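The structure under discussion appears below in the form of structure tokens.
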Amino acid sequence: MPPIYITSVGKSGNNLNMSWLAQEGLVYRLQYKTSLAPAALRNDVSGDVTAHGASAGKTDTLPDNAGNERFYRVELLRYAGGRS
């Protein structure tokens, strides 16, 4: 299985677009933290992504008052068929 890492990030207005290496048929979740402190909570970007090829992507719509930095990660959840 290839490693998961973010391959591109682009911003247009309030939309932050991310792509990452993926494996077809696997389900991924994009998450962010607003602090790198160990106790900081991770927030899920709504809607998991099923990869349909060697890459996957997601758009996070930032709130108008997003003054905080966001630190992102991609988490592998499961196979699309429901197997872990």
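Quick note on naming: the chains in the structure tokens go A, B, ... in the order shown, residues restart at 1 in each chain, and ligands are numbered from 1 in order of appearance.
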For Asn43 (chain A), please output as a list in words all residues within 12 Å (counting only C-alpha atoms; exclusion window: fewer than 6 positions along the same chain). Arg29, Leu30, Gln31, Tyr32, Lys33, Thr34, Ser35, Asp60, Arg70, Phe71, Tyr72, Arg73, Val74 and Glu75 of chain A
Kindly export the residues of the current selection with N, CA, C and O atoms, as a compact mmCIF listing (two decimals), in the first residue's frame.
# COMPACT_ATOMS: atom_id res chain seq x y z
N ARG A 29 -10.43 10.10 5.20
CA ARG A 29 -11.06 11.24 5.87
C ARG A 29 -10.02 12.34 6.04
O ARG A 29 -8.91 12.10 6.51
N LEU A 30 -10.40 13.56 5.68
CA LEU A 30 -9.55 14.72 5.87
C LEU A 30 -9.91 15.34 7.22
O LEU A 30 -11.09 15.53 7.53
N GLN A 31 -8.88 15.62 8.02
CA GLN A 31 -9.06 16.21 9.34
C GLN A 31 -8.12 17.39 9.52
O GLN A 31 -7.11 17.49 8.83
N TYR A 32 -8.48 18.28 10.45
CA TYR A 32 -7.60 19.40 10.76
C TYR A 32 -7.63 19.69 12.26
O TYR A 32 -8.55 19.32 12.98
N LYS A 33 -6.56 20.35 12.70
CA LYS A 33 -6.45 20.88 14.05
C LYS A 33 -6.14 22.37 13.90
O LYS A 33 -5.56 22.78 12.90
N THR A 34 -6.52 23.16 14.88
CA THR A 34 -6.19 24.59 14.84
C THR A 34 -4.97 24.91 15.70
O THR A 34 -4.57 26.05 15.81
N SER A 35 -4.37 23.86 16.28
CA SER A 35 -3.16 24.01 17.09
C SER A 35 -2.38 22.71 17.00
O SER A 35 -2.96 21.64 16.84
N ASP A 60 -12.08 21.86 1.54
CA ASP A 60 -12.54 22.35 2.84
C ASP A 60 -12.93 23.81 2.65
O ASP A 60 -12.12 24.62 2.20
N ARG A 70 -4.77 26.15 10.24
CA ARG A 70 -5.29 24.79 10.26
C ARG A 70 -4.17 23.85 9.84
O ARG A 70 -3.47 24.12 8.87
N PHE A 71 -4.04 22.76 10.57
CA PHE A 71 -3.02 21.76 10.31
C PHE A 71 -3.76 20.48 9.91
O PHE A 71 -4.52 19.93 10.70
N TYR A 72 -3.54 20.03 8.68
CA TYR A 72 -4.33 18.95 8.10
C TYR A 72 -3.62 17.61 8.16
O TYR A 72 -2.39 17.54 8.17
N ARG A 73 -4.43 16.55 8.14
CA ARG A 73 -3.93 15.20 7.96
C ARG A 73 -5.02 14.40 7.22
O ARG A 73 -6.20 14.75 7.26
N VAL A 74 -4.59 13.33 6.57
CA VAL A 74 -5.50 12.42 5.89
C VAL A 74 -5.43 11.09 6.63
O VAL A 74 -4.35 10.56 6.89
N GLU A 75 -6.58 10.56 6.97
CA GLU A 75 -6.67 9.30 7.70
C GLU A 75 -7.30 8.23 6.81
O GLU A 75 -8.30 8.48 6.14
Can you pull out the residues contacting region 8-12 of chain A? Cut-off 12 Å, using only C-alpha atoms, and skip same-chain residues under 5 positions away; I want them as a list in words.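 After dropping sequence-adjacent residues, the list is Asn17, Met18, Ser19, Trp20, Leu21, Ser55, Ala56, Gly57, Lys58, Thr59, Asp60, Thr61, Leu62 and Tyr72 of chain A.
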Take the residues from that selection and write them out as a CSV table (one decimal), in the first residue's frame, keeping all heavy atoms.
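Writing the result to out_32.csv gives the following:
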chain,number,residue,atom,x,y,z
A,17,ASN,N,-8.4,23.4,-1.5
A,17,ASN,CA,-8.4,22.1,-2.2
A,17,ASN,C,-7.2,21.3,-1.9
A,17,ASN,O,-6.1,21.8,-2.1
A,17,ASN,CB,-8.6,22.4,-3.7
A,17,ASN,CG,-9.7,23.3,-4.0
A,17,ASN,OD1,-10.9,22.9,-3.7
A,17,ASN,ND2,-9.5,24.4,-4.6
A,18,MET,N,-7.3,20.1,-1.5
A,18,MET,CA,-6.2,19.2,-1.3
A,18,MET,C,-6.3,17.9,-2.0
A,18,MET,O,-7.4,17.4,-2.2
A,18,MET,CB,-6.2,18.8,0.2
A,18,MET,CG,-5.8,19.9,1.1
A,18,MET,SD,-5.4,19.3,2.7
A,18,MET,CE,-4.9,20.8,3.5
A,19,SER,N,-5.2,17.4,-2.5
A,19,SER,CA,-5.1,16.1,-3.1
A,19,SER,C,-4.0,15.2,-2.4
A,19,SER,O,-3.1,15.8,-1.8
A,19,SER,CB,-4.7,16.2,-4.6
A,19,SER,OG,-5.7,16.9,-5.3
A,20,TRP,N,-4.2,13.9,-2.4
A,20,TRP,CA,-3.2,13.0,-1.7
A,20,TRP,C,-3.1,11.7,-2.5
A,20,TRP,O,-4.0,11.4,-3.3
A,20,TRP,CB,-3.6,12.8,-0.3
A,20,TRP,CG,-4.9,12.2,-0.1
A,20,TRP,CD1,-5.2,10.9,-0.1
A,20,TRP,CD2,-6.1,12.9,0.2
A,20,TRP,NE1,-6.6,10.7,0.2
A,20,TRP,CE2,-7.2,11.9,0.3
A,20,TRP,CE3,-6.5,14.2,0.3
A,20,TRP,CZ2,-8.5,12.3,0.6
A,20,TRP,CZ3,-7.8,14.6,0.6
A,20,TRP,CH2,-8.8,13.6,0.7
A,21,LEU,N,-2.0,11.0,-2.3
A,21,LEU,CA,-1.8,9.7,-2.8
A,21,LEU,C,-2.9,8.8,-2.2
A,21,LEU,O,-3.1,8.9,-1.0
A,21,LEU,CB,-0.4,9.1,-2.6
A,21,LEU,CG,0.7,9.7,-3.4
A,21,LEU,CD1,2.0,9.0,-3.1
A,21,LEU,CD2,0.4,9.7,-4.9
A,55,SER,N,-5.1,8.7,-6.7
A,55,SER,CA,-5.1,9.9,-5.9
A,55,SER,C,-6.6,10.2,-5.6
A,55,SER,O,-7.5,9.7,-6.2
A,55,SER,CB,-4.5,11.1,-6.7
A,55,SER,OG,-5.3,11.5,-7.8
A,56,ALA,N,-6.7,11.0,-4.5
A,56,ALA,CA,-8.0,11.4,-4.0
A,56,ALA,C,-7.9,12.9,-3.6
A,56,ALA,O,-6.8,13.4,-3.4
A,56,ALA,CB,-8.5,10.6,-2.9
A,57,GLY,N,-9.0,13.5,-3.4
A,57,GLY,CA,-9.0,14.9,-3.0
A,57,GLY,C,-10.2,15.4,-2.3
A,57,GLY,O,-11.3,14.7,-2.3
A,58,LYS,N,-10.2,16.5,-1.7
A,58,LYS,CA,-11.3,17.1,-0.9
A,58,LYS,C,-11.1,18.6,-0.8
A,58,LYS,O,-10.0,19.1,-0.8
A,58,LYS,CB,-11.2,16.5,0.5
A,58,LYS,CG,-12.3,16.9,1.4
A,58,LYS,CD,-13.6,16.1,1.1
A,58,LYS,CE,-14.7,16.5,2.0
A,58,LYS,NZ,-16.0,16.1,1.5
A,59,THR,N,-12.2,19.3,-0.8
A,59,THR,CA,-12.3,20.7,-0.6
A,59,THR,C,-12.8,21.0,0.8
A,59,THR,O,-13.8,20.5,1.2
A,59,THR,CB,-13.1,21.4,-1.6
A,59,THR,OG1,-12.6,21.1,-2.9
A,59,THR,CG2,-13.2,22.9,-1.4
A,60,ASP,N,-12.1,21.9,1.5
A,60,ASP,CA,-12.5,22.4,2.8
A,60,ASP,C,-12.9,23.8,2.7
A,60,ASP,O,-12.1,24.6,2.2
A,60,ASP,CB,-11.4,22.2,3.9
A,60,ASP,CG,-11.9,22.6,5.3
A,60,ASP,OD1,-13.1,22.7,5.5
A,60,ASP,OD2,-11.0,22.9,6.1
A,61,THR,N,-14.2,24.1,3.0
A,61,THR,CA,-14.6,25.5,2.9
A,61,THR,C,-14.4,26.2,4.2
A,61,THR,O,-14.9,25.8,5.2
A,61,THR,CB,-16.1,25.6,2.5
A,61,THR,OG1,-16.3,24.9,1.3
A,61,THR,CG2,-16.6,27.0,2.4
A,62,LEU,N,-13.5,27.2,4.2
A,62,LEU,CA,-13.1,27.9,5.4
A,62,LEU,C,-14.1,28.9,5.8
A,62,LEU,O,-14.7,29.6,4.9
A,62,LEU,CB,-11.7,28.5,5.2
A,62,LEU,CG,-10.6,27.6,4.8
A,62,LEU,CD1,-9.4,28.4,4.4
A,62,LEU,CD2,-10.3,26.6,5.8
A,72,TYR,N,-3.5,20.0,8.7
A,72,TYR,CA,-4.3,18.9,8.1
A,72,TYR,C,-3.6,17.6,8.2
A,72,TYR,O,-2.4,17.5,8.2
A,72,TYR,CB,-4.7,19.3,6.6
A,72,TYR,CG,-5.7,20.4,6.5
A,72,TYR,CD1,-5.3,21.7,6.4
A,72,TYR,CD2,-7.0,20.1,6.4
A,72,TYR,CE1,-6.2,22.7,6.3
A,72,TYR,CE2,-8.0,21.1,6.3
A,72,TYR,CZ,-7.6,22.4,6.2
A,72,TYR,OH,-8.5,23.4,6.1
Quick one: DSSP strand (DSSP E or B) residues in chain A, as a PyMOL selection string? chain A and resi 6-12+15-21+26-33+43-44+49-50+55-61+71-79
Atoms kept (C-alpha atoms) for selection, written as a PDB file, in the first residue's frame:
ATOM      1  CA  ILE A   6      -0.708  15.305   0.607  1.00  0.00           C
ATOM      2  CA  THR A   7       0.528  16.038  -2.918  1.00  0.00           C
ATOM      3  CA  SER A   8      -1.111  19.397  -3.629  1.00  0.00           C
ATOM      4  CA  VAL A   9      -2.837  22.261  -1.852  1.00  0.00           C
ATOM      5  CA  GLY A  10      -4.565  25.190  -3.529  1.00  0.00           C
ATOM      6  CA  LYS A  11      -6.770  27.990  -2.237  1.00  0.00           C
ATOM      7  CA  SER A  12      -9.462  29.847  -4.126  1.00  0.00           C
ATOM      8  CA  ASN A  15     -12.047  26.987  -0.564  1.00  0.00           C
ATOM      9  CA  LEU A  16      -8.939  24.995   0.271  1.00  0.00           C
ATOM     10  CA  ASN A  17      -8.426  22.123  -2.194  1.00  0.00           C
ATOM     11  CA  MET A  18      -6.202  19.177  -1.252  1.00  0.00           C
ATOM     12  CA  SER A  19      -5.092  16.051  -3.089  1.00  0.00           C
ATOM     13  CA  TRP A  20      -3.212  13.040  -1.746  1.00  0.00           C
ATOM     14  CA  LEU A  21      -1.847   9.690  -2.840  1.00  0.00           C
ATOM     15  CA  LEU A  26     -10.079   2.742   0.057  1.00  0.00           C
ATOM     16  CA  VAL A  27     -11.958   5.360   2.081  1.00  0.00           C
ATOM     17  CA  TYR A  28     -10.166   8.417   3.489  1.00  0.00           C
ATOM     18  CA  ARG A  29     -11.064  11.235   5.873  1.00  0.00           C
ATOM     19  CA  LEU A  30      -9.550  14.724   5.868  1.00  0.00           C
ATOM     20  CA  GLN A  31      -9.065  16.207   9.341  1.00  0.00           C
ATOM     21  CA  TYR A  32      -7.599  19.401  10.765  1.00  0.00           C
ATOM     22  CA  LYS A  33      -6.448  20.883  14.052  1.00  0.00           C
ATOM     23  CA  ASN A  43     -11.991  18.139  13.392  1.00  0.00           C
ATOM     24  CA  ASP A  44     -13.362  16.090  10.511  1.00  0.00           C
ATOM     25  CA  VAL A  49     -13.693  10.234   0.239  1.00  0.00           C
ATOM     26  CA  THR A  50     -13.596   6.915  -1.639  1.00  0.00           C
ATOM     27  CA  SER A  55      -5.110   9.927  -5.925  1.00  0.00           C
ATOM     28  CA  ALA A  56      -8.030  11.432  -4.045  1.00  0.00           C
ATOM     29  CA  GLY A  57      -8.981  14.930  -3.016  1.00  0.00           C
ATOM     30  CA  LYS A  58     -11.268  17.063  -0.905  1.00  0.00           C
ATOM     31  CA  THR A  59     -12.250  20.710  -0.577  1.00  0.00           C
ATOM     32  CA  ASP A  60     -12.537  22.353   2.839  1.00  0.00           C
ATOM     33  CA  THR A  61     -14.633  25.520   2.872  1.00  0.00           C
ATOM     34  CA  PHE A  71      -3.022  21.756  10.311  1.00  0.00           C
ATOM     35  CA  TYR A  72      -4.332  18.945   8.103  1.00  0.00           C
ATOM     36  CA  ARG A  73      -3.933  15.195   7.960  1.00  0.00           C
ATOM     37  CA  VAL A  74      -5.499  12.417   5.892  1.00  0.00           C
ATOM     38  CA  GLU A  75      -6.669   9.297   7.703  1.00  0.00           C
ATOM     39  CA  LEU A  76      -7.269   5.908   6.075  1.00  0.00           C
ATOM     40  CA  LEU A  77     -10.624   4.638   7.315  1.00  0.00           C
ATOM     41  CA  ARG A  78     -11.510   1.375   5.561  1.00  0.00           C
ATOM     42  CA  TYR A  79     -12.062  -0.444   2.335  1.00  0.00           C
TER      43      TYR A  79
END
CA of Glu69 (chain A) to CA of Gly13 (chain A), distance in Å rounded to a single decimal: 15.7 Å
Nearest residue to Asn65 (chain A) from the set A:Val45, A:Pro38, A:Ile4, A:Asn14 (distances using only C-alpha atoms): A:Asn14
Record the distance separating CA of Leu36 (chain A) and CA of Pro3 (chain A), expressed in Å with one decimal.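 Going from CA of Leu36 (chain A) over to CA of Pro3 (chain A), I get 22.0 Å.
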If we count only C-alpha atoms and set the cut-off at 7 Å, which residues sit around Ala54 (chain A), ignoring sequence neighbours fewer than 6 positions away in its own chain? Please answer as a ChimeraX atom specification. /A:21-24
